[in-house]
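Some notes on the structure that comes next.
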Amino acid sequence: MSTATPERPAGGRILVALDASPRSLAALSTASALAAELDAELAGLFVEDSNLHRLFALPFARELCLLSGELRPSSQAEIERTWRREAEILQRRLAAAAEQLQVRWSFQVARGRMATEVSLHAQGFDLVVLGRQAGSSFMAVVQATARTRHADPVLVLIEESTHAGPSLDLGLLLARRSGAELVLLIPAPDEAAYRAACSETLAELKTRGAAARCVWLPGLESGQLIRAVRREAAGCLVLADRDRVLRQGGLDDIACPIVLSR
Amino acid sequence: MTPVPPLTSDRLIRRCDTGRFDFTTTAELDDLGEGIGQMRAIEAAHFGIGMRHAGYNLYVMGQPGSGKRTLIRQLLDQRKAEEAKPSDWCYVHNFGQPHKPRAICLPSGLGARLRDDMQQLVAELQAAIPAVFEGEDYRRRLAQIDEEYAERQSQAFGTVGDDAVKHGIVLLRTPNGFSFAPAKDDEVLAPDDYDKLPQEEKTRIEQEIGRLQEALEKTIRQVHQWRRERIERVRKLNEEAVLFAVGHLIDELRSAYADYPEVCSYLNEVQQNVIESIDEFRHPKEGLSGLAALTSELPNFSRFLVNLLVGRDEAAGAPVVYEDHPTYQNLLGRVEHVSQLGALITNFLLIKPGALHQANGGYLLLDALKLLSQPFSWEGLKRALSTRELRIESLGQMVSLVSTVSLEPEPIPLDVKVVLLGNRMLYYLLAQYDPEFGELFKVAADFEDEVERSADNDLLYARLIGTLARREKLRPFDREAVGRVIEHGARRAEDAHKLSTHVESLADLVRQADYWAAAEKREVVTRADVERAIAAQIRRSDRMRERSHEAILRGILHIDTAGEAVGQINGLSVFQLGDFTFAQPSRITANTRLGEGELVDIQREVKLGGAIHSKGVLILASFLATRYAAEQPLSLSASLVFEQTYGQVEGDSASLAELCVLLSSLADVPIRQALAVTGSVDQFGRVQAIGAVNDKIEGYFDVCSMRGLTGEQGVLIPASNVAHLMLRQDVVDAAAAGRFHVYAVETVDEALERLTGVPAGTPDEPGSLGQRVAQRLKHLAELRRSFARKSAADKPGREAGGGHEYGDA
């Protein structure tokens, strides 16, 4: 059996959106691994949410603390201090990860809406790895730690099997690097369509000397995708057509890093 | 009275009649297993070994080197084969009280099996548990639980978020929680825009936000409750998974050890603890460091291992253990510690057995002296025997000096027979001063130091020689060699009619004779080899004797072996240097003069005389007064001294010589210096036996021999010592040739006649030595009376003799 190396996607620059969450650490790990594999530059992005900034300028602004369940006043100065501290930590982590893997790196801080800023900054990048939620996340309340183990499966969403090449390559790359299982999420209206798409994609994979497991998604709604990711305990989710994904949003409740290709 | 004739040479040694032996060499003789003449001790040992009741432990007493340990060991080895092999003992972790490890008793051989089984179980658990948690089934079920709760939360927060949106408000995630803010098109209103809103709108927004915050608080409380529920469900799932993974492994062990409830109970606890320690198996620690190492009780799942404290090997029967170094810990076991970051820590795997553990169910042999020399060992042994259980405590705990928490292993029932090997003095001291000794050591086996020298015992001796030679792979002994060894055995016993049972010295002689036989390239050990071995033994040890003899020959030590002298006699002194004994003559002199009846023992005055020596001197003073001055004051002052001796003089074996020299001085009759005298004397002038008679005769013989034997020289010994004579061949030969003599005397009179050539006679017998002594004493008494009268006359106003002690005597 041949073990041909998958065709490496052209990935000269990788953007990783970071925050202080555990998911962000996993994303940094994924992004730096990709950067090392693809010999790409790694750029960290920390977005200061403008909505929060405005919120704490309002006279009645209160924060409902998760730990204590108490309402407490806050201020713009406090949130700015918090952001500065988080940004410094993330920059140090990014630098450490990049230096360990001998990867070029940069780091920048932007203020605005998360989705907007990521979309805006993603323009010059080949890959985007989401390590922070675009909006308010509820999962963070219950997920103490994101899954960061290498052996957790790599999920690839195959929207159209004929155009799944770059996503498959990325997924295969990540799976092989971490020794994880490759799982293909195949949306199809019925089982026959699913089976056809599955066979076609597996055949495509076979030419690259790889195998995978297929999972049927009855629809492409974000809820179904999120449930599949949870069920499979995914270590990483690879999505294509990043502009559409960033535009649509709705992936805040996914706990694992999301790799977005063009 | 006819002077005492010298002993004939055949009375100076009792030869072994080797003609009675019907063997050529000892190779033809059977082994001797039970020693010689130890039937009393063997019967006592059999009784003690056979009594299984508490307190019937043995004290085996006898001289060091008497072979008692070997003999007892042989008896025990014979006995142990008939007894059942005792149990194995293991210590396991006590999951309820970790500082009190549990003891488990198993039939012999099963302890090692349990240890191996548990080791195997741990290895399998380490592989099986992570595997099941990595498995697809487990991950799917965990994901289902997570998904269910995640959806519940999403819905709950979504409901609040949707409610907020309906009222123009958004729910925002903040660094520490959540907050609500008025928004337009998903954008939070800027403060300026908010200020521009009508007051009613502002009021409405703030009221709505207040309401939404209350709703969010309820949701968060609900989420916390769900989280707890989720944790519980995950815990149950984990238990289920672990039980699936390890249940069958532990079930197999339960079946294998179904007959042993203690093991089954332990396995139940193991299973429960494995379930509680899932994370440890799933994510094993790479290695502890720093303070974590100190707080970690047991690394690497070793709490599931088994400490096989005592495991019986394949050898059948009860154990027989000899502990050569009976320290408290070697005897009763110990809990060892290992150092981590300068602190000492321990665990149940570091519990080590003591000799009592090893011997439990069997026999433990201990040297009494070594046991008593070790601090706390005797106390510890007595406590264990009294309570009949083995409790491992540190010395600090035992004497309540420390109260730090350490391990307190569960005590183990003790069923052991202790055999103490020691000398008689220790036995009697313990019996006298330790009230528990009699309760715990009810049986005494007393080993004989010597046995009757009979034909049967001679043959047994020969078999013993053969046994020793065979055991140590030495050459066999021919009959004559055996005969010489027997004669030496009698000499060691200091009795021509006894044989020494001191096996160690016998074994030494046998080994050394073999050495000389080898040097002569002989296949069989002969009498000449034995002679040479004995001579070489003496030669190696007699440096001091040579120096002493040299001093005598050079005249530095003044000893006359010819001529006559008044008030001077040759006594005989014995010197003990380690294992070597020799004798040499000592010049004893006496002076007599007018006095008040005091007999001055100069040795005693300068504290160089022992109590027994002083007793001897006092006895002869009594004899003197009774025989020669029964009806008049003993008006002499006499002094006795061992000339040129600078050490302690002890024993009464010189009292005959002292009496003779004293009488010589009193009677002014010279003593023949060619003779030496040994023997003690009673108040009636009877001569009594003394010790080391052979050494004494040979010591004087050597000095005379070096100066040249004249035929006049000889030694006077007590007649009762004739039975002890086992003299050297050269002495016997000289006696046979009439060049040296041994005289056996029964009374002081016989001795005096031989020493002076003057009849001893009675105080009334004209010309006798007795009459001369009596006359001298009478003369001294008269002188004293005259001095007393004169003294009274010189003191007017005082009644004559009124104040004098002996005035009217």
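By convention in this document, the chains of the structure tokens carry letters A, B, ... by their order, each chain's residues are numbered from 1, and ligands are numbered from 1 in the order they are shown.
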
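Near chain A, within 6 Å and counting only C-alpha atoms, the residues of chain B are Ala143, Glu147, Leu172, Arg173, Asn176, Gly177, Phe178, Ser179, Val188, Ala190 and Pro191 of chain B.
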
**Request:** Tell me which protein, DNA and RNA residues are within 7 Å of Ala40 (chain A), counting only C-alpha atoms, leaving out same-chain ones fewer than 4 positions away, and put them as an MDAnalysis selection string.
**Result:** chainID A and resid 11:14 35:36

Using N, CA and C atoms, can you export the residues from the last selection as an mmCIF file, in the first residue's frame?
data_model
loop_
_atom_site.group_PDB
_atom_site.id
_atom_site.type_symbol
_atom_site.label_atom_id
_atom_site.label_comp_id
_atom_site.auth_asym_id
_atom_site.auth_seq_id
_atom_site.Cartn_x
_atom_site.Cartn_y
_atom_site.Cartn_z
ATOM 1 N N GLY A 11 -0.205 27.396 1.426
ATOM 2 C CA GLY A 11 -0.522 28.065 2.705
ATOM 3 C C GLY A 11 0.607 28.945 3.120
ATOM 4 N N GLY A 12 0.827 30.014 2.488
ATOM 5 C CA GLY A 12 1.938 30.889 2.799
ATOM 6 C C GLY A 12 1.737 31.639 4.102
ATOM 7 N N ARG A 13 0.453 31.935 4.453
ATOM 8 C CA ARG A 13 0.218 32.705 5.685
ATOM 9 C C ARG A 13 -1.024 32.157 6.398
ATOM 10 N N ILE A 14 -0.882 32.022 7.694
ATOM 11 C CA ILE A 14 -2.003 31.472 8.481
ATOM 12 C C ILE A 14 -2.364 32.471 9.567
ATOM 13 N N ALA A 35 1.419 25.610 10.339
ATOM 14 C CA ALA A 35 2.442 26.530 9.841
ATOM 15 C C ALA A 35 3.764 25.810 9.649
ATOM 16 N N ALA A 36 4.059 24.905 10.583
ATOM 17 C CA ALA A 36 5.312 24.166 10.462
ATOM 18 C C ALA A 36 5.262 23.227 9.268
#

**Item:** Pick from B:Arg282, B:Gly361, B:Ile717, B:Gly555 nearest to Ala131 (chain B), counting only C-alpha atoms
**Value:**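 Of B:Arg282, B:Gly361, B:Ile717, B:Gly555, the one nearest Ala131 (chain B), counting only C-alpha atoms, is B:Arg282.
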
**Item:** Test item, helix (DSSP H, G or I) assignment across region 551-622 of chain B, answer as a PyMOL selection string
**Value:** chain B and resi 551-553+602-605+611-622

Expected file: the selected residues, C-alpha atoms, as a compact mmCIF listing (two decimals), in the first residue's frame:
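selection30.txt was written with the following content:
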# COMPACT_ATOMS: atom_id res chain seq x y z
CA ALA B 551 63.83 -16.22 83.74
CA ILE B 552 64.06 -19.18 86.11
CA LEU B 553 67.06 -20.70 84.31
CA ILE B 602 51.62 -10.85 102.83
CA GLN B 603 49.75 -11.43 99.59
CA ARG B 604 46.52 -10.53 101.32
CA GLU B 605 48.03 -7.54 103.10
CA ALA B 611 39.51 -14.67 99.08
CA ILE B 612 40.03 -18.40 98.56
CA HIS B 613 43.75 -18.03 99.09
CA SER B 614 43.14 -16.16 102.31
CA LYS B 615 40.76 -18.87 103.40
CA GLY B 616 43.52 -21.45 102.88
CA VAL B 617 45.93 -19.45 105.01
CA LEU B 618 43.40 -19.10 107.82
CA ILE B 619 42.74 -22.84 107.73
CA LEU B 620 46.40 -23.64 108.23
CA ALA B 621 46.57 -21.15 111.12
CA SER B 622 43.71 -23.03 112.69

**Message:** Please compute the CA of Gly610 (chain B)-CA of Arg627 (chain B) distance, one decimal, in Å.
**Reply:**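 Here the two named atoms are 26.2 Å from each other.
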
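For the set A:Leu45, A:Ile89, A:Leu220, A:Leu174, the residue with the smallest atom-to-atom gap to Gly112 (chain A) is A:Leu45, counting only C-alpha atoms.
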
**Request:** Within 9 Å of Tyr149 (chain B), counting only C-alpha atoms, which residues show up once you throw out same-chain ones fewer than 5 positions away? Write them as a PyMOL selection string, please.
**Result:** (chain A and resi 142) or (chain B and resi 144+154+223+226-227+230)

**Message:** Taking only C-alpha atoms into account, name the residue in B:Leu608, B:Arg587, B:Val574, B:Ala793 that is nearest to Asn694 (chain B).
**Reply:**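 Of the candidates, the smallest distance to Asn694 (chain B) is held by B:Val574.
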
Applying 9 Å and only C-alpha atoms, which residues near region 18-22 of chain B remain after dropping the ones on its own chain fewer than 5 positions away? List them as an mmCIF file with N, CA and C atoms, in the first residue's frame.
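The resulting file, around05.cif, is shown below:
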data_model
loop_
_atom_site.group_PDB
_atom_site.id
_atom_site.type_symbol
_atom_site.label_atom_id
_atom_site.label_comp_id
_atom_site.auth_asym_id
_atom_site.auth_seq_id
_atom_site.Cartn_x
_atom_site.Cartn_y
_atom_site.Cartn_z
ATOM 1 N N ALA B 455 34.634 -48.130 77.805
ATOM 2 C CA ALA B 455 34.907 -48.739 76.500
ATOM 3 C C ALA B 455 33.867 -48.281 75.478
ATOM 4 N N ASP B 458 34.541 -44.723 74.589
ATOM 5 C CA ASP B 458 35.724 -44.629 73.731
ATOM 6 C C ASP B 458 35.332 -44.885 72.273
ATOM 7 N N LEU B 459 34.476 -45.871 72.097
ATOM 8 C CA LEU B 459 34.060 -46.192 70.729
ATOM 9 C C LEU B 459 33.203 -45.067 70.140
ATOM 10 N N ARG B 479 43.580 -46.395 64.430
ATOM 11 C CA ARG B 479 43.204 -46.683 65.820
ATOM 12 C C ARG B 479 44.104 -45.952 66.824
ATOM 13 N N GLU B 480 45.393 -45.936 66.517
ATOM 14 C CA GLU B 480 46.318 -45.301 67.454
ATOM 15 C C GLU B 480 46.067 -43.793 67.523
ATOM 16 N N VAL B 482 43.222 -42.402 67.044
ATOM 17 C CA VAL B 482 42.000 -42.253 67.838
ATOM 18 C C VAL B 482 42.337 -42.358 69.316
ATOM 19 N N GLY B 483 43.195 -43.347 69.640
ATOM 20 C CA GLY B 483 43.575 -43.521 71.035
ATOM 21 C C GLY B 483 44.227 -42.268 71.593
#

**Prompt:** If you run DSSP on the backbone, which residues of region 7-150 of chain B are strand (DSSP E), as a list in words?
**Reply:** Leu58, Tyr59, Val60, Met61, Asp88, Trp89, Cys90, Tyr91, Val92, Arg102, Ala103, Ile104, Cys105 and Leu106 of chain B

Could you turn the residues from that selection into a file that holds N, CA and C atoms, as a PDB file, in the first residue's frame?
ATOM      1  N   LEU B  58      12.936 -23.459  75.086  1.00  0.00           N
ATOM      2  CA  LEU B  58      14.105 -24.155  75.643  1.00  0.00           C
ATOM      3  C   LEU B  58      15.261 -23.216  75.935  1.00  0.00           C
ATOM      4  N   TYR B  59      15.935 -23.519  77.025  1.00  0.00           N
ATOM      5  CA  TYR B  59      17.246 -22.915  77.242  1.00  0.00           C
ATOM      6  C   TYR B  59      18.244 -24.073  77.235  1.00  0.00           C
ATOM      7  N   VAL B  60      19.122 -24.076  76.233  1.00  0.00           N
ATOM      8  CA  VAL B  60      20.109 -25.146  76.124  1.00  0.00           C
ATOM      9  C   VAL B  60      21.424 -24.604  76.652  1.00  0.00           C
ATOM     10  N   MET B  61      21.902 -25.220  77.736  1.00  0.00           N
ATOM     11  CA  MET B  61      23.106 -24.659  78.352  1.00  0.00           C
ATOM     12  C   MET B  61      24.276 -25.631  78.292  1.00  0.00           C
ATOM     13  N   ASP B  88       2.058 -18.676  54.772  1.00  0.00           N
ATOM     14  CA  ASP B  88       2.694 -17.463  54.259  1.00  0.00           C
ATOM     15  C   ASP B  88       1.992 -16.260  54.875  1.00  0.00           C
ATOM     16  N   TRP B  89       2.732 -15.190  55.015  1.00  0.00           N
ATOM     17  CA  TRP B  89       2.130 -13.955  55.520  1.00  0.00           C
ATOM     18  C   TRP B  89       2.431 -12.811  54.566  1.00  0.00           C
ATOM     19  N   CYS B  90       1.388 -12.057  54.258  1.00  0.00           N
ATOM     20  CA  CYS B  90       1.548 -10.912  53.357  1.00  0.00           C
ATOM     21  C   CYS B  90       1.030  -9.662  54.063  1.00  0.00           C
ATOM     22  N   TYR B  91       1.608  -8.544  53.709  1.00  0.00           N
ATOM     23  CA  TYR B  91       1.007  -7.268  54.103  1.00  0.00           C
ATOM     24  C   TYR B  91       0.458  -6.590  52.851  1.00  0.00           C
ATOM     25  N   VAL B  92      -0.782  -6.091  52.965  1.00  0.00           N
ATOM     26  CA  VAL B  92      -1.379  -5.359  51.847  1.00  0.00           C
ATOM     27  C   VAL B  92      -1.833  -3.987  52.347  1.00  0.00           C
ATOM     28  N   ARG B 102      -2.716  -4.180  56.367  1.00  0.00           N
ATOM     29  CA  ARG B 102      -3.410  -5.400  56.788  1.00  0.00           C
ATOM     30  C   ARG B 102      -2.533  -6.618  56.568  1.00  0.00           C
ATOM     31  N   ALA B 103      -2.618  -7.533  57.498  1.00  0.00           N
ATOM     32  CA  ALA B 103      -1.878  -8.790  57.354  1.00  0.00           C
ATOM     33  C   ALA B 103      -2.829  -9.854  56.825  1.00  0.00           C
ATOM     34  N   ILE B 104      -2.363 -10.604  55.860  1.00  0.00           N
ATOM     35  CA  ILE B 104      -3.177 -11.686  55.291  1.00  0.00           C
ATOM     36  C   ILE B 104      -2.395 -12.991  55.412  1.00  0.00           C
ATOM     37  N   CYS B 105      -3.083 -13.997  55.910  1.00  0.00           N
ATOM     38  CA  CYS B 105      -2.466 -15.310  56.093  1.00  0.00           C
ATOM     39  C   CYS B 105      -2.945 -16.235  54.969  1.00  0.00           C
ATOM     40  N   LEU B 106      -2.018 -16.911  54.345  1.00  0.00           N
ATOM     41  CA  LEU B 106      -2.368 -17.822  53.253  1.00  0.00           C
ATOM     42  C   LEU B 106      -1.584 -19.121  53.417  1.00  0.00           C
TER      43      LEU B 106
END

12 Å contact set for Glu206 (chain B), only C-alpha atoms, chain neighbours under 2 positions out, as a PDB file with N, CA and C atoms, in the first residue's frame:
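Written output follows (result-v1.pdb):
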ATOM      1  N   LEU A  58     -21.662  52.440  29.536  1.00  0.00           N
ATOM      2  CA  LEU A  58     -23.056  52.766  29.910  1.00  0.00           C
ATOM      3  C   LEU A  58     -23.180  52.867  31.424  1.00  0.00           C
ATOM      4  N   PRO A  59     -24.026  53.766  31.905  1.00  0.00           N
ATOM      5  CA  PRO A  59     -24.076  54.027  33.349  1.00  0.00           C
ATOM      6  C   PRO A  59     -24.597  52.838  34.159  1.00  0.00           C
ATOM      7  N   PHE A  60     -25.431  52.033  33.593  1.00  0.00           N
ATOM      8  CA  PHE A  60     -26.019  50.929  34.373  1.00  0.00           C
ATOM      9  C   PHE A  60     -25.303  49.592  34.126  1.00  0.00           C
ATOM     10  N   ALA A  61     -24.169  49.657  33.452  1.00  0.00           N
ATOM     11  CA  ALA A  61     -23.503  48.407  33.057  1.00  0.00           C
ATOM     12  C   ALA A  61     -23.138  47.561  34.290  1.00  0.00           C
ATOM     13  N   ARG A  62     -23.584  46.351  34.245  1.00  0.00           N
ATOM     14  CA  ARG A  62     -23.272  45.394  35.324  1.00  0.00           C
ATOM     15  C   ARG A  62     -22.843  44.070  34.684  1.00  0.00           C
TER      16      ARG A  62
ATOM     17  N   ALA B 164     -34.107  38.851  25.274  1.00  0.00           N
ATOM     18  CA  ALA B 164     -33.446  40.156  25.311  1.00  0.00           C
ATOM     19  C   ALA B 164     -33.570  40.857  23.962  1.00  0.00           C
ATOM     20  N   HIS B 167     -36.549  42.790  23.132  1.00  0.00           N
ATOM     21  CA  HIS B 167     -36.697  44.090  23.804  1.00  0.00           C
ATOM     22  C   HIS B 167     -35.549  45.031  23.476  1.00  0.00           C
ATOM     23  N   GLY B 168     -34.862  44.760  22.346  1.00  0.00           N
ATOM     24  CA  GLY B 168     -33.784  45.659  21.906  1.00  0.00           C
ATOM     25  C   GLY B 168     -32.550  45.578  22.779  1.00  0.00           C
ATOM     26  N   ILE B 169     -32.329  44.414  23.330  1.00  0.00           N
ATOM     27  CA  ILE B 169     -31.189  44.251  24.251  1.00  0.00           C
ATOM     28  C   ILE B 169     -30.397  43.017  23.796  1.00  0.00           C
ATOM     29  N   PHE B 180     -25.896  42.542  29.997  1.00  0.00           N
ATOM     30  CA  PHE B 180     -26.923  42.958  29.008  1.00  0.00           C
ATOM     31  C   PHE B 180     -26.669  44.408  28.626  1.00  0.00           C
ATOM     32  N   ALA B 181     -26.961  44.702  27.358  1.00  0.00           N
ATOM     33  CA  ALA B 181     -26.797  46.097  26.904  1.00  0.00           C
ATOM     34  C   ALA B 181     -27.841  46.409  25.824  1.00  0.00           C
ATOM     35  N   PRO B 182     -28.323  47.659  25.784  1.00  0.00           N
ATOM     36  CA  PRO B 182     -29.250  48.039  24.700  1.00  0.00           C
ATOM     37  C   PRO B 182     -28.486  48.011  23.379  1.00  0.00           C
ATOM     38  N   TYR B 194     -27.158  56.525  23.791  1.00  0.00           N
ATOM     39  CA  TYR B 194     -28.040  56.147  24.884  1.00  0.00           C
ATOM     40  C   TYR B 194     -28.535  57.384  25.623  1.00  0.00           C
ATOM     41  N   GLN B 199     -36.237  59.650  28.380  1.00  0.00           N
ATOM     42  CA  GLN B 199     -36.105  59.102  29.737  1.00  0.00           C
ATOM     43  C   GLN B 199     -36.959  57.853  29.914  1.00  0.00           C
ATOM     44  N   GLU B 200     -38.161  57.855  29.309  1.00  0.00           N
ATOM     45  CA  GLU B 200     -39.043  56.689  29.451  1.00  0.00           C
ATOM     46  C   GLU B 200     -38.385  55.445  28.860  1.00  0.00           C
ATOM     47  N   GLU B 201     -37.725  55.695  27.688  1.00  0.00           N
ATOM     48  CA  GLU B 201     -37.060  54.557  27.027  1.00  0.00           C
ATOM     49  C   GLU B 201     -35.903  54.012  27.894  1.00  0.00           C
ATOM     50  N   LYS B 202     -35.171  54.987  28.456  1.00  0.00           N
ATOM     51  CA  LYS B 202     -34.061  54.570  29.316  1.00  0.00           C
ATOM     52  C   LYS B 202     -34.592  53.739  30.494  1.00  0.00           C
ATOM     53  N   THR B 203     -35.704  54.238  31.067  1.00  0.00           N
ATOM     54  CA  THR B 203     -36.276  53.528  32.225  1.00  0.00           C
ATOM     55  C   THR B 203     -36.711  52.125  31.807  1.00  0.00           C
ATOM     56  N   ARG B 204     -37.345  52.064  30.628  1.00  0.00           N
ATOM     57  CA  ARG B 204     -37.812  50.755  30.156  1.00  0.00           C
ATOM     58  C   ARG B 204     -36.628  49.788  29.975  1.00  0.00           C
ATOM     59  N   GLU B 208     -36.039  46.352  31.847  1.00  0.00           N
ATOM     60  CA  GLU B 208     -35.928  45.089  31.110  1.00  0.00           C
ATOM     61  C   GLU B 208     -34.619  44.356  31.451  1.00  0.00           C
ATOM     62  N   ILE B 209     -33.556  45.184  31.491  1.00  0.00           N
ATOM     63  CA  ILE B 209     -32.257  44.565  31.812  1.00  0.00           C
ATOM     64  C   ILE B 209     -32.297  43.935  33.209  1.00  0.00           C
ATOM     65  N   GLY B 210     -32.950  44.616  34.138  1.00  0.00           N
ATOM     66  CA  GLY B 210     -33.075  44.057  35.489  1.00  0.00           C
ATOM     67  C   GLY B 210     -33.817  42.728  35.459  1.00  0.00           C
ATOM     68  N   ARG B 211     -34.916  42.720  34.686  1.00  0.00           N
ATOM     69  CA  ARG B 211     -35.695  41.484  34.596  1.00  0.00           C
ATOM     70  C   ARG B 211     -34.875  40.357  33.958  1.00  0.00           C
ATOM     71  N   LEU B 212     -34.154  40.750  32.875  1.00  0.00           N
ATOM     72  CA  LEU B 212     -33.358  39.742  32.173  1.00  0.00           C
ATOM     73  C   LEU B 212     -32.211  39.206  33.064  1.00  0.00           C
ATOM     74  N   GLN B 213     -31.664  40.103  33.854  1.00  0.00           N
ATOM     75  CA  GLN B 213     -30.578  39.650  34.749  1.00  0.00           C
ATOM     76  C   GLN B 213     -31.093  38.610  35.732  1.00  0.00           C
TER      77      GLN B 213
END

**Prompt:** Excluding same-chain residues fewer than 3 positions from Glu134 (chain B), what lies within 12 Å of it counting only C-alpha atoms, as a list in words?
**Reply:** Arg149, Ala151, Asp152, Pro153, Ala180 and Ala233 of chain A; Ala127, Ala128, Ile129, Pro130, Ala131, Asp137, Tyr138, Arg139, Arg140, Arg141, Leu142, Asn238, Ala241, Val242, Ala245, Arg282 and His283 of chain B

**Asked** Between B:Arg312, B:Arg554, B:His724, B:Arg79, which has the minimum distance to Ala689 (chain B) (counting only C-alpha atoms)?
**Response**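 The answer is B:His724, which sits nearest to Ala689 (chain B).
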
**Asked** Do you know which residues are at most 12 Å from Ala26 (chain A) counting only C-alpha atoms, after dropping those on the same chain fewer than 2 positions away, and could you put them as a ChimeraX atom specification?
**Response** /A:16-24,28-33,93-94,97,129-132,145-150,152,234-237,255-259

Preceding selection exported with C-alpha atoms as a short mmCIF file (atom, residue, chain, number, x, y, z; two decimals), in the first residue's frame:
data_model
loop_
_atom_site.label_atom_id
_atom_site.label_comp_id
_atom_site.auth_asym_id
_atom_site.auth_seq_id
_atom_site.Cartn_x
_atom_site.Cartn_y
_atom_site.Cartn_z
CA VAL A 16 -5.12 32.40 14.08
CA ALA A 17 -7.74 34.28 16.07
CA LEU A 18 -7.02 33.97 19.74
CA ASP A 19 -8.53 34.74 23.09
CA ALA A 20 -7.93 33.50 26.62
CA SER A 21 -10.14 30.40 26.32
CA PRO A 22 -8.90 26.80 26.35
CA ARG A 23 -10.17 26.47 22.79
CA SER A 24 -7.77 29.21 21.86
CA LEU A 28 -2.75 27.91 18.59
CA SER A 29 -1.41 24.37 18.70
CA THR A 30 -3.25 23.45 15.50
CA ALA A 31 -2.23 26.62 13.69
CA SER A 32 1.43 26.35 14.64
CA ALA A 33 1.46 22.70 13.53
CA ARG A 93 2.43 31.85 23.85
CA LEU A 94 2.38 32.45 20.14
CA ALA A 97 5.04 27.97 19.92
CA VAL A 129 -7.86 29.12 12.41
CA LEU A 130 -10.56 30.23 14.78
CA GLY A 131 -9.58 30.03 18.37
CA ARG A 132 -12.19 32.39 19.73
CA THR A 145 -11.34 22.57 29.14
CA ALA A 146 -11.40 22.24 25.42
CA ARG A 147 -10.28 18.97 23.95
CA THR A 148 -6.70 19.39 23.00
CA ARG A 149 -5.55 15.83 22.84
CA HIS A 150 -3.76 14.88 19.70
CA ASP A 152 -9.05 13.30 19.04
CA ALA A 234 -13.57 16.35 17.60
CA GLY A 235 -10.06 17.63 18.07
CA CYS A 236 -10.36 19.94 15.12
CA LEU A 237 -12.91 20.92 12.46
CA ALA A 255 -15.40 23.85 21.40
CA CYS A 256 -12.60 22.67 19.15
CA PRO A 257 -10.44 24.80 16.85
CA ILE A 258 -11.93 25.52 13.44
CA VAL A 259 -9.63 25.62 10.43
#

**Message:** I'd like the interatomic distance between CA of Ser66 (chain B) and CA of Glu504 (chain B), to a tenth of an Å.
**Reply:** 6.3 Å

**Request:** Would you please work out which residue, of B:Ser653, B:Ala368, B:Phe47, B:Val661, is nearest to Val641 (chain B) when using only C-alpha atoms?
**Result:**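 Closest residue, counting only C-alpha atoms: B:Val661.
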
**Asked** Which of these residues is nearest to Cys660 (chain B), using only C-alpha atoms: B:Asp749, B:Asp117, B:Glu83, B:Glu34?
**Response** B:Asp749
